[in-house]
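Source file: final08.cif (mmCIF, C-alpha atoms and all ligand atoms)
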data_coords
loop_
_atom_site.label_atom_id
_atom_site.label_comp_id
_atom_site.auth_asym_id
_atom_site.auth_seq_id
_atom_site.Cartn_x
_atom_site.Cartn_y
_atom_site.Cartn_z
CA MET A 3 19.51 8.81 11.48
CA THR A 4 15.84 9.62 11.09
CA GLN A 5 14.62 11.59 14.06
CA LEU A 6 11.64 10.50 16.15
CA ILE A 7 9.08 12.98 17.43
CA ALA A 8 6.84 11.35 20.03
CA GLY A 9 3.91 13.08 21.69
CA ASN A 10 3.17 12.23 25.31
CA TRP A 11 -0.43 13.22 25.91
CA LYS A 12 -0.22 12.23 29.59
CA MET A 13 -3.66 12.05 31.24
CA ASN A 14 -5.39 14.33 28.76
CA GLY A 15 -8.05 13.80 26.11
CA THR A 16 -11.66 12.96 25.42
CA LEU A 17 -13.17 11.13 22.46
CA GLY A 18 -14.12 14.46 20.91
CA ALA A 19 -10.86 16.29 21.60
CA ASN A 20 -8.79 13.34 20.34
CA GLU A 21 -10.73 13.18 17.10
CA ALA A 22 -10.09 16.87 16.49
CA LEU A 23 -6.40 16.62 17.42
CA LEU A 24 -5.71 13.51 15.37
CA GLY A 25 -7.72 14.91 12.45
CA ALA A 26 -5.61 18.07 12.49
CA LEU A 27 -2.44 16.00 12.62
CA ALA A 28 -3.60 13.84 9.73
CA ALA A 29 -4.37 16.93 7.66
CA GLY A 30 -1.09 18.65 8.50
CA LEU A 31 1.37 15.79 8.13
CA GLY A 32 2.87 15.95 4.68
CA PRO A 33 3.81 12.71 2.99
CA LEU A 34 7.38 13.98 2.83
CA THR A 35 7.80 14.51 6.56
CA PRO A 36 11.22 12.96 7.13
CA ALA A 37 10.74 12.36 10.84
CA GLN A 38 9.13 9.33 12.44
CA VAL A 39 6.08 10.37 14.44
CA ALA A 40 4.39 8.67 17.39
CA VAL A 41 1.64 9.57 19.83
CA CYS A 42 1.64 8.00 23.29
CA ILE A 43 -1.99 8.26 24.27
CA PRO A 44 -4.04 7.03 27.24
CA ALA A 45 -4.95 3.35 26.90
CA PRO A 46 -8.75 3.84 26.79
CA TYR A 47 -8.28 5.64 23.47
CA TRP A 48 -6.04 3.13 21.69
CA ALA A 49 -9.05 1.64 19.89
CA GLN A 50 -10.18 5.10 18.82
CA PHE A 51 -6.71 5.79 17.44
CA ARG A 52 -6.80 2.57 15.45
CA ALA A 53 -10.21 3.36 14.01
CA LEU A 54 -9.15 6.89 13.01
CA ALA A 55 -5.85 5.67 11.57
CA ALA A 56 -7.81 3.28 9.34
CA GLN A 57 -9.85 6.23 8.01
CA HIS A 58 -7.21 8.94 7.62
CA PRO A 59 -4.35 8.20 5.22
CA GLY A 60 -2.48 11.03 6.98
CA LEU A 61 -2.27 8.95 10.16
CA LYS A 62 -0.81 5.87 8.45
CA ALA A 63 2.70 6.94 9.28
CA VAL A 64 1.91 7.84 12.90
CA ALA A 65 2.84 5.11 15.35
CA LEU A 66 0.84 4.37 18.47
CA GLY A 67 2.54 4.37 21.84
CA ALA A 68 1.61 3.62 25.44
CA GLN A 69 2.65 5.75 28.40
CA ASP A 70 3.58 2.82 30.63
CA VAL A 71 3.65 -0.97 30.67
CA SER A 72 3.60 -3.52 33.46
CA ALA A 73 6.84 -5.08 34.66
CA HIS A 74 4.93 -8.40 34.84
CA ALA A 75 3.74 -10.65 32.03
CA SER A 76 0.17 -11.31 33.23
CA GLY A 77 -1.88 -12.19 36.28
CA ALA A 78 -3.10 -10.63 39.52
CA TYR A 79 -1.87 -7.06 39.02
CA THR A 80 -5.03 -4.97 39.19
CA GLY A 81 -4.93 -1.89 37.02
CA GLU A 82 -1.78 -2.88 35.13
CA MET A 83 -1.45 -3.36 31.38
CA SER A 84 0.81 -6.05 30.00
CA ALA A 85 3.13 -5.70 27.03
CA ALA A 86 1.05 -8.38 25.29
CA MET A 87 -2.03 -6.15 25.61
CA LEU A 88 -0.10 -3.22 24.15
CA LYS A 89 0.93 -5.45 21.27
CA ASP A 90 -2.68 -6.54 20.75
CA PHE A 91 -3.63 -2.92 20.13
CA GLY A 92 -0.73 -2.27 17.80
CA CYS A 93 1.38 -0.16 20.14
CA ARG A 94 4.83 0.25 18.65
CA TYR A 95 6.29 2.17 21.61
CA ALA A 96 5.89 2.26 25.38
CA ILE A 97 7.24 5.06 27.53
CA VAL A 98 8.88 3.57 30.63
CA GLY A 99 10.29 5.33 33.67
CA HIS A 100 8.76 8.72 33.02
CA SER A 101 9.72 11.00 35.91
CA GLU A 102 6.05 11.34 36.84
CA ARG A 103 5.89 7.54 37.28
CA ARG A 104 9.15 7.54 39.23
CA GLN A 105 7.95 10.39 41.44
CA TYR A 106 4.25 9.61 42.01
CA HIS A 107 4.28 5.82 41.67
CA GLY A 108 7.59 5.01 43.29
CA GLU A 109 9.13 3.36 40.24
CA THR A 110 12.71 2.40 40.92
CA ASP A 111 15.50 1.93 38.38
CA ALA A 112 15.02 -1.85 38.71
CA VAL A 113 11.27 -1.63 37.99
CA VAL A 114 11.92 0.60 34.98
CA ALA A 115 14.47 -1.90 33.67
CA ALA A 116 11.92 -4.74 34.09
CA LYS A 117 9.30 -2.72 32.21
CA ALA A 118 11.75 -2.17 29.36
CA GLN A 119 12.43 -5.91 29.36
CA GLN A 120 8.71 -6.75 29.08
CA ALA A 121 8.30 -4.32 26.20
CA LEU A 122 11.33 -5.70 24.34
CA ALA A 123 10.14 -9.28 24.83
CA HIS A 124 6.95 -8.35 22.96
CA GLY A 125 8.56 -6.43 20.13
CA ILE A 126 7.61 -3.04 21.56
CA THR A 127 10.24 -0.32 21.66
CA PRO A 128 10.59 1.09 25.17
CA ILE A 129 11.20 4.83 25.36
CA VAL A 130 13.29 4.84 28.52
CA CYS A 131 13.09 8.17 30.34
CA LEU A 132 15.99 9.48 32.41
CA GLY A 133 16.72 12.79 34.02
CA GLU A 134 17.92 14.68 37.03
CA THR A 135 15.97 16.94 39.37
CA LEU A 136 16.87 20.59 39.83
CA GLU A 137 18.42 19.76 43.19
CA GLN A 138 20.60 17.09 41.61
CA ARG A 139 21.68 19.42 38.78
CA GLU A 140 22.60 22.15 41.23
CA ALA A 141 24.57 19.63 43.28
CA GLY A 142 26.55 18.69 40.15
CA GLN A 143 25.08 15.18 40.07
CA THR A 144 23.47 15.20 36.61
CA PHE A 145 25.83 12.75 34.89
CA GLU A 146 25.93 10.43 37.88
CA VAL A 147 22.11 10.27 38.09
CA VAL A 148 21.42 9.60 34.42
CA LYS A 149 24.30 7.12 34.27
CA ARG A 150 22.82 5.13 37.15
CA GLN A 151 19.33 5.20 35.61
CA LEU A 152 20.60 3.99 32.23
CA ALA A 153 22.96 1.42 33.77
CA ALA A 154 20.01 -0.40 35.37
CA VAL A 155 18.33 -0.77 31.98
CA ILE A 156 21.56 -1.87 30.28
CA HIS A 157 22.23 -4.38 33.07
CA LEU A 158 18.94 -6.20 32.50
CA ASN A 159 18.64 -5.72 28.74
CA GLY A 160 22.23 -5.68 27.55
CA HIS A 161 21.75 -8.21 24.76
CA CYS A 162 19.08 -6.10 23.03
CA ILE A 163 19.99 -2.64 24.25
CA SER A 164 20.29 -1.34 20.69
CA GLU A 165 16.49 -1.81 20.37
CA ILE A 166 15.61 0.82 22.98
CA VAL A 167 14.98 4.53 22.62
CA VAL A 168 16.32 6.77 25.38
CA ALA A 169 14.66 10.04 26.38
CA TYR A 170 16.68 12.53 28.41
CA GLU A 171 14.13 14.59 30.30
CA PRO A 172 15.54 16.88 32.97
CA VAL A 173 12.82 16.88 35.64
CA TRP A 174 13.18 20.64 36.12
CA ALA A 175 12.30 21.21 32.46
CA ILE A 176 9.14 19.08 32.31
CA GLY A 177 5.98 21.15 32.05
CA THR A 178 7.77 24.15 33.52
CA GLY A 179 8.53 26.14 30.39
CA LYS A 180 12.25 25.91 31.34
CA THR A 181 14.07 24.08 28.58
CA ALA A 182 17.59 22.80 28.85
CA SER A 183 19.69 24.85 26.45
CA SER A 184 20.75 23.00 23.32
CA GLU A 185 24.28 22.85 24.73
CA GLN A 186 23.15 21.52 28.13
CA ALA A 187 21.08 18.83 26.46
CA GLN A 188 23.79 17.89 23.95
CA GLU A 189 26.33 17.54 26.76
CA VAL A 190 24.17 14.95 28.55
CA HIS A 191 23.23 13.19 25.32
CA ALA A 192 26.89 12.80 24.39
CA ARG A 193 27.58 11.18 27.77
CA LEU A 194 24.62 8.83 27.35
CA ARG A 195 25.88 7.91 23.86
CA GLU A 196 29.31 7.04 25.33
CA GLN A 197 27.66 4.82 27.92
CA LEU A 198 25.58 3.08 25.25
CA LYS A 199 28.68 2.61 23.07
CA ALA A 200 30.42 0.84 25.90
CA ALA A 201 27.44 -1.55 26.09
CA SER A 202 26.67 -2.10 22.43
CA ALA A 203 28.45 -2.16 19.10
CA HIS A 204 25.27 -0.68 17.59
CA ALA A 205 24.94 2.32 19.89
CA GLU A 206 25.10 4.72 16.96
CA ARG A 207 21.61 3.67 15.93
CA ILE A 208 20.01 4.12 19.37
CA LYS A 209 17.84 7.21 19.33
CA ILE A 210 18.32 9.59 22.26
CA LEU A 211 15.38 11.98 22.46
CA TYR A 212 15.23 15.21 24.41
CA GLY A 213 12.12 16.04 26.43
CA GLY A 214 11.14 18.90 28.68
CA SER A 215 9.26 21.96 27.42
CA MET A 216 10.27 21.36 23.82
CA ASN A 217 8.10 23.64 21.70
CA ALA A 218 7.72 25.17 18.26
CA GLY A 219 10.22 27.91 19.13
CA ASN A 220 13.09 25.90 20.58
CA ALA A 221 12.77 22.59 18.68
CA ALA A 222 15.01 23.49 15.73
CA GLY A 223 17.96 24.42 17.96
CA LEU A 224 17.66 21.27 20.05
CA LEU A 225 17.10 18.96 17.09
CA ALA A 226 20.17 20.35 15.31
CA GLN A 227 22.49 18.93 18.00
CA PRO A 228 24.52 15.92 16.86
CA ASP A 229 23.38 13.57 19.63
CA ILE A 230 19.75 14.68 19.83
CA ASP A 231 17.76 12.23 17.74
CA GLY A 232 14.27 13.54 18.35
CA GLY A 233 11.92 14.75 21.03
CA LEU A 234 9.42 13.53 23.60
CA ILE A 235 6.82 16.25 23.67
CA GLY A 236 4.25 16.76 26.42
CA GLY A 237 2.24 19.99 26.45
CA ALA A 238 3.03 21.03 22.88
CA SER A 239 1.85 17.66 21.52
CA LEU A 240 -1.72 18.60 22.49
CA LYS A 241 -1.63 21.62 20.17
CA PRO A 242 -1.63 20.44 16.56
CA ALA A 243 0.04 23.54 15.10
CA ASP A 244 2.87 23.35 17.65
CA PHE A 245 3.33 19.60 17.32
CA LEU A 246 3.39 19.89 13.51
CA ALA A 247 5.95 22.70 13.73
CA ILE A 248 8.20 20.51 15.89
CA ILE A 249 7.82 17.64 13.42
CA GLY A 250 8.67 20.09 10.65
CA ALA A 251 11.89 21.04 12.46
CA ALA A 252 13.06 17.41 12.59
CA ARG A 253 15.32 15.73 10.05
P1 LIG A 301 6.54 18.79 28.48
O1 LIG A 301 6.55 17.24 28.90
O2 LIG A 301 6.88 18.84 27.02
O3 LIG A 301 5.14 19.24 28.76
O4 LIG A 301 7.56 19.49 29.32
C1 LIG A 301 7.49 16.34 28.38
C2 LIG A 301 7.29 14.99 29.02
O5 LIG A 301 6.98 14.93 30.22
O6 LIG A 301 7.43 13.93 28.35
#
Just dump the structure as structure tokens.
Amino acid sequence: MTQLIAGNWKMNGTLGANEALLGALAAGLGPLTPAQVAVCIPAPYWAQFRALAAQHPGLKAVALGAQDVSAHASGAYTGEMSAAMLKDFGCRYAIVGHSERRQYHGETDAVVAAKAQQALAHGITPIVCLGETLEQREAGQTFEVVKRQLAAVIHLNGHCISEIVVAYEPVWAIGTGKTASSEQAQEVHARLREQLKAASAHAERIKILYGGSMNAGNAAGLLAQPDIDGGLIGGASLKPADFLAIIGAAR
């Protein structure tokens, strides 16, 4: 399947820096890039992305993504953004359940599942993040943790589970420079694929991305694994040469 390389800018960017970054991406993305490309950028800049995408033919093939979405449809939820608002701005993807949201904003498995449901109801593909902490890995709980996290999403969204994207992001590898080895990542991805197969006849087409310190040097090895269908890229997505190199390593 076509691999997906999604940048997660997190809380970074300015109007000027974004213009330079997106301009460099537009210039560097060849029309023959086989991979699908997305950038999940802070909401205040969605309009800027749309304006730049209308100017630069090189950005036509780059999809816009959000970094979060509300678990509610609309109403008195100060500071939240609904899936309908994401849709209004042309977001194709929404990251849900990133470990930073789980850790700093107390998002539970049930909340993450509800966010995925809102996205799906509005035709937005949720990129559902899962992953164990270092403590959990060392305690031998990796498979149990990711299974539980994915099970909550399957439970609420079973009928359209083949529409999601999964991102396995070991918490100990995020922003730390420590990447899971290709074998470690593949092992977890294969387990997640089995779980998805048990829930859906179309599990083969569900993309399972790897995230956590993926960079220009290690991307090719990770992306060559049979059950790794792309990457969710944090730090390296802010550096155009690195992000382009990762995209170039994808099939
Ligand atoms: P990183 O972040 O590539 O900077 O480790 C990945 C992520 O958090 O999505």
Check which residues fall inside 10 Å of ligand LIG 301 (chain A) when counting all atoms listed in the file, and print them as number ranges by chain. A: 8-12, 42, 69, 97, 100-102, 131, 169-181, 212-217, 233-240
C-alpha atoms of the current selection, written as a CSV table (one decimal), in the frame of the given file:
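Final output, selection32.csv:
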chain,number,residue,atom,x,y,z
A,8,ALA,CA,6.8,11.4,20.0
A,9,GLY,CA,3.9,13.1,21.7
A,10,ASN,CA,3.2,12.2,25.3
A,11,TRP,CA,-0.4,13.2,25.9
A,12,LYS,CA,-0.2,12.2,29.6
A,42,CYS,CA,1.6,8.0,23.3
A,69,GLN,CA,2.6,5.8,28.4
A,97,ILE,CA,7.2,5.1,27.5
A,100,HIS,CA,8.8,8.7,33.0
A,101,SER,CA,9.7,11.0,35.9
A,102,GLU,CA,6.0,11.3,36.8
A,131,CYS,CA,13.1,8.2,30.3
A,169,ALA,CA,14.7,10.0,26.4
A,170,TYR,CA,16.7,12.5,28.4
A,171,GLU,CA,14.1,14.6,30.3
A,172,PRO,CA,15.5,16.9,33.0
A,173,VAL,CA,12.8,16.9,35.6
A,174,TRP,CA,13.2,20.6,36.1
A,175,ALA,CA,12.3,21.2,32.5
A,176,ILE,CA,9.1,19.1,32.3
A,177,GLY,CA,6.0,21.2,32.0
A,178,THR,CA,7.8,24.2,33.5
A,179,GLY,CA,8.5,26.1,30.4
A,180,LYS,CA,12.2,25.9,31.3
A,181,THR,CA,14.1,24.1,28.6
A,212,TYR,CA,15.2,15.2,24.4
A,213,GLY,CA,12.1,16.0,26.4
A,214,GLY,CA,11.1,18.9,28.7
A,215,SER,CA,9.3,22.0,27.4
A,216,MET,CA,10.3,21.4,23.8
A,217,ASN,CA,8.1,23.6,21.7
A,233,GLY,CA,11.9,14.8,21.0
A,234,LEU,CA,9.4,13.5,23.6
A,235,ILE,CA,6.8,16.2,23.7
A,236,GLY,CA,4.2,16.8,26.4
A,237,GLY,CA,2.2,20.0,26.4
A,238,ALA,CA,3.0,21.0,22.9
A,239,SER,CA,1.8,17.7,21.5
A,240,LEU,CA,-1.7,18.6,22.5
Of the candidates A:Ala221, A:Ala116, A:His107, A:Ile43, which shows the shortest atom-to-atom distance to A:Asn14, using all atoms listed in the file?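 Looking at the shortest contact to A:Asn14, the residue is A:Ile43.
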One number please: atom CA of A:His204 to atom CA of A:Ala222, in Å, one decimal.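 Here the two named atoms are 26.3 Å from each other.
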Could you list, as a VMD selection string, every residue within 7 Å of A:Gly99, counting only C-alpha atoms and ignoring same-chain residues fewer than 6 positions away? chain A and resid 109 114 130 to 131
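Counting from atom CA of A:Gly30, the distance to atom CA of A:Asp70 is 27.6 Å.
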I need the residue nearest A:Ala192 from this list: A:Ser76, A:Gln227, A:Asn20, A:Ser84. Use only C-alpha atoms for the distance.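 Among the listed residues, A:Gln227 lies closest to A:Ala192.
The coordinates place atom CA of A:Ala121 at 15.4 Å from atom CA of A:Ala154.
The closest residue to A:Ala205, picked from A:Gln120, A:Arg150, A:Val190, A:Val168 and counting all atoms listed in the file, is A:Val168.
Checking A:Leu6, A:Ala45, A:Leu194, A:Leu88 one by one against A:Leu132, counting all atoms listed in the file, you find the shortest gap at A:Leu194.
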Let me make sure I understand: among A:Ala247, A:Leu61, A:Ile156, A:Ala78, which one has the smallest atom-to-atom distance to A:Leu198 if we use all atoms listed in the file? A:Ile156
Might you pull out every residue within 10 Å of A:Phe51, with only C-alpha atoms counted and same-chain residues fewer than 5 positions away left off, and present them as a list of chain:residue names?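 Here the answer would be A:Leu17, A:Asn20, A:Glu21, A:Leu24, A:Val41, A:Ile43, A:Ala45, A:Pro46, A:Ala56, A:Gln57, A:Leu61, A:Val64, A:Ala65, A:Leu66, A:Phe91.
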Hey, which bits of stretch 7-121 of chain A sit within 6 Å of stretch 125-129 of chain A, and for each residue what's the closest pair of atoms and how far apart in Å (one decimal), counting all atoms listed in the file, rows by chain and increasing number, as CSV?
residue,atom,partner,partner_atom,distance
A:Arg94,CA,A:Ile126,CA,5.2
A:Tyr95,CA,A:Thr127,CA,4.7
A:Ala96,CA,A:Pro128,CA,4.8
A:Ile97,CA,A:Ile129,CA,4.5
A:Val98,CA,A:Ile129,CA,5.9
A:Ala118,CA,A:Pro128,CA,5.4
A:Ala121,CA,A:Ile126,CA,4.9
Name the closest residue to A:Cys162 among the candidates A:Gln143, A:Gln197, A:Gln119, A:Ser184; distances are taken between atoms, counting only C-alpha atoms.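 Distance minimum relative to A:Cys162 lands on A:Gln119.
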Give as a PyMOL selection string every residue, naming chains and numbers as the document does, that has an atom within 9 Å of (-0.4, 2.3, 37.3), counting only C-alpha atoms. chain A and resi 70-72+80-83+103+107
